[in-house]
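Okay, structure first, notes after.
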Amino acid sequence: MDGGDDVVLRSRCRTVPKMPTFPDLDSSVVDGENGQQGNGDSRMKSNGKIEVEHVISKKLQLKRKAEFLKSDLMRQFDGHISDFMDSLIEESASLEPAPVPAGFSPPLSDKERNKLRLFRPPHGQGKQFVSRRSLLDELFEVNHIRTIYHMFIALLILFILSTLVVDFLDEGRLVLDFDLLVYAFGQLPLVVCTWICMFLSALLVPYSLFHLWSQSQCGSYPRLYSLLFGSVFLFYQAVGLGFFPTYVVVINSLPPASRFIIILEQVRLMMKTHSFVRENVPRILAWTKDKTSPGPVAPQVSQYLYFLFVPTLIYRDKYPRNPVIRWSYVATKLLQVLGCLFYAYYVFVRLCIPQFRSISLQLFDLKAMVLCVFNSILPGVLVLFLGFFAFLHCWLNAFAEMLRFADRMFYKDWWNSTSFANYYRTWNVVVHDWLYYYVYRDFLWMSQKRFRPAAMLFVFTVSAVVHEYILAVCFGFFYPVLFCLFMCFGMMFNFILHDQRKGPIWNIIMWTSLFLGQGVIICLYSQEWYAQRYCPLKENSFLELLKPRSWSCERGLMAD
């Protein structure tokens, strides 16, 4: 505990930065003090009154200095407190629970100590789960931050009013059919049936295979059984969770939102089953070496079932849990998800569809593309914010609350990032943890930590391929815009805008690049979507399927 105390003491005893000086003020004060006796008569009028103007100017200078020092000290104090609390949480999660002096708090019982140990990763490595709130839940308690949330609600109200007014002027009546939402979420019964089949297979097949494999390690030929069960598991991942959902989506021509539901659940279940096997196989292999118990300790099916629903991709036998469920909080988050859905609907109806439905498709005109990108920045940024708030905050927090899952760090303060490296780590912590522990660290483990740049490149490649696969299947066409942005600009910005870049200017550069990227994505994918609908294939060949149709599609004004 001496090392831990030293760390805490060092974090508390950081040097306070030197306060700035005001030469004019200091000199005036010093001169005023030194010359108070000698020049006193010059500062006195004939009637003995002090010059008011000189006193007022001195007070104003003192006030400016005090305000500057106050803001600087508060900023430094806030930074030190945040760093200290972060280090304290990390150290408290990594330290072995041990009895403390009775004067501070009563010692932990063996049951409590074992319960705390279950939250730690196997063999002292991996992600550590602690009880904490989501960052936006804490920020929304500040009136200034909650006002920004109210501004977005006001913008939604304006979108609704503008849509109603335009429809009333055009149609002479209020149009409230929400045809875009009805189309996007079509064939929901098929979506539900497909999800049930996917979930039941993800529950039964990996757990049964793992249980049978763990029992086989007690007998003879353990390596042969490992090869057999490992091959069956990989076959299930490729066919049961890989091919089957994609086949259902494509063969039934599901609309975009329904496709997104199935494909995102497909990717989520594949990542969860991999985590379950990856975290428990080393435990069984360690038992085969030590054999400290009569049989291998395999997780219970209830633990695996809880993991399939809990909003994390890292398996643990136990997670920190909250004592109660706040159903009002769950209802609020689900209503916010519904509100974001209608928000996105009005963004597309008012900002995207009128622009791209009436656009004149020409042979790759650079001028038209530049204008399209800049016109798409606003809807792209709104869709980015809505997707983040609806899914990473509201949806995950709603399920975490229903499951009493206490670790709510699904994201960090990515909006304060001054580098794309930090943005990638903080935008989606749930997916980043999976990529870090099961792709990056496993790659380093297999290469004996000799190829760190190659490991980073491999992580970017996996992420880019999965993102492009999701968009290609959900949109129904192959247009690798996001893949190019990931592999080209994403990799380049990761090394140019690295963690050594500090200061507000780098945060501005990060936001500018992010806005332009969203404009490019919305513009190019929307153009290709309408080109796929209105420009048929000239030849039914594989190359024509891969070639973006918006590059060769030439058409006048589009009709509805």
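Residues are referred to by chain and number: the chain letter is A, B, ... according to the order shown in the structure tokens, the number counts from 1 in that chain, and ligands are numbered separately from 1 in the order shown.
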
Worksheet item: Hey, what's within 10 Å of Ser131 in chain A if we count only C-alpha atoms and toss same-chain stuff fewer than 5 positions away? As a PyMOL selection string, please?
Response: chain A and resi 89+319-322+405-409

Write to file, as a compact mmCIF listing (two decimals), in the first residue's frame, the residues of the selection just made, with N, CA, C and O atoms.
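Saved the output as again22.txt:
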# COMPACT_ATOMS: atom_id res chain seq x y z
N ILE A 89 -10.04 6.37 -9.01
CA ILE A 89 -10.96 5.31 -9.43
C ILE A 89 -10.19 4.14 -10.04
O ILE A 89 -10.47 2.97 -9.76
N TYR A 319 -20.93 -8.33 -12.83
CA TYR A 319 -20.74 -6.92 -13.10
C TYR A 319 -21.24 -6.12 -11.89
O TYR A 319 -22.09 -6.61 -11.13
N PRO A 320 -20.74 -4.91 -11.71
CA PRO A 320 -21.33 -4.06 -10.65
C PRO A 320 -22.79 -3.76 -10.97
O PRO A 320 -23.14 -3.42 -12.11
N ARG A 321 -23.66 -3.89 -9.96
CA ARG A 321 -25.10 -3.74 -10.17
C ARG A 321 -25.65 -2.65 -9.26
O ARG A 321 -25.19 -2.46 -8.13
N ASN A 322 -26.64 -1.96 -9.75
CA ASN A 322 -27.36 -0.98 -8.94
C ASN A 322 -28.44 -1.68 -8.11
O ASN A 322 -28.95 -2.73 -8.50
N PHE A 405 -27.29 -2.57 -14.56
CA PHE A 405 -25.87 -2.53 -14.91
C PHE A 405 -25.32 -1.17 -14.50
O PHE A 405 -25.80 -0.14 -14.95
N ALA A 406 -24.30 -1.16 -13.66
CA ALA A 406 -23.86 0.08 -13.01
C ALA A 406 -22.79 0.84 -13.76
O ALA A 406 -22.63 2.04 -13.55
N ASP A 407 -22.03 0.18 -14.63
CA ASP A 407 -20.95 0.86 -15.35
C ASP A 407 -21.52 1.48 -16.61
O ASP A 407 -21.73 0.81 -17.62
N ARG A 408 -21.77 2.78 -16.58
CA ARG A 408 -22.44 3.46 -17.69
C ARG A 408 -21.47 4.27 -18.57
O ARG A 408 -21.90 5.18 -19.27
N MET A 409 -20.20 3.94 -18.55
CA MET A 409 -19.25 4.69 -19.38
C MET A 409 -19.26 4.11 -20.80
O MET A 409 -18.36 3.40 -21.22

I want to know what sits within 12 Å of Ser513 in chain A, based on only C-alpha atoms, with residues of the same chain fewer than 3 positions away left out; could you give that as a list in words?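 After dropping sequence-adjacent residues, the list is Ile377, Val381, Thr418, Ser419, Phe420, Tyr423, Leu485, Phe489, Gly490, Met492, Phe493, Leu497, Trp506, Asn507, Ile508, Ile509, Met510, Leu516, Gly517, Gln518, Gly519 and Val520 of chain A.
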
Inset, instruction - Show which residues sit within 9 Å of range 342-350 of chain A, as a ChimeraX atom specification. Count only C-alpha atoms, and ignore same-chain residues fewer than 2 positions away. - result: /A:156,159-160,162-163,178,180-181,337-340,352-355,379,382-383,386-387

Could you jot down the CA of Ser552 in chain A to CA of Tyr534 in chain A separation for me, Å, one decimal place?
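Going from CA of Ser552 in chain A over to CA of Tyr534 in chain A covers 12.1 Å.
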
Go through A:Ala154, A:Val130, A:Ile261, A:Leu308 one by one, measure the shortest atom-to-atom distance of each to Leu200 in chain A using only C-alpha atoms, and give the residue with the smallest value.
->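 Among the listed residues, the smallest separation from Leu200 in chain A belongs to A:Leu308.
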
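If you measure from each of A:Glu401, A:Ser550, A:Leu135, A:Tyr469 to Ala531 in chain A using only C-alpha atoms, the closest one turns out to be A:Ser550.
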
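The smallest atom-to-atom distance between Leu227 in chain A and any of A:Leu546, A:Tyr247, A:Leu209, A:Gln500, using only C-alpha atoms, is found for A:Leu209.
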
Going by DSSP on the backbone, which residues of range 132-337 of chain A come out as alpha helix (DSSP H)? List them as a PyMOL selection string. chain A and resi 135-139+143-171+179-184+188-216+222-235+244-251+256-290+301-309+327-337
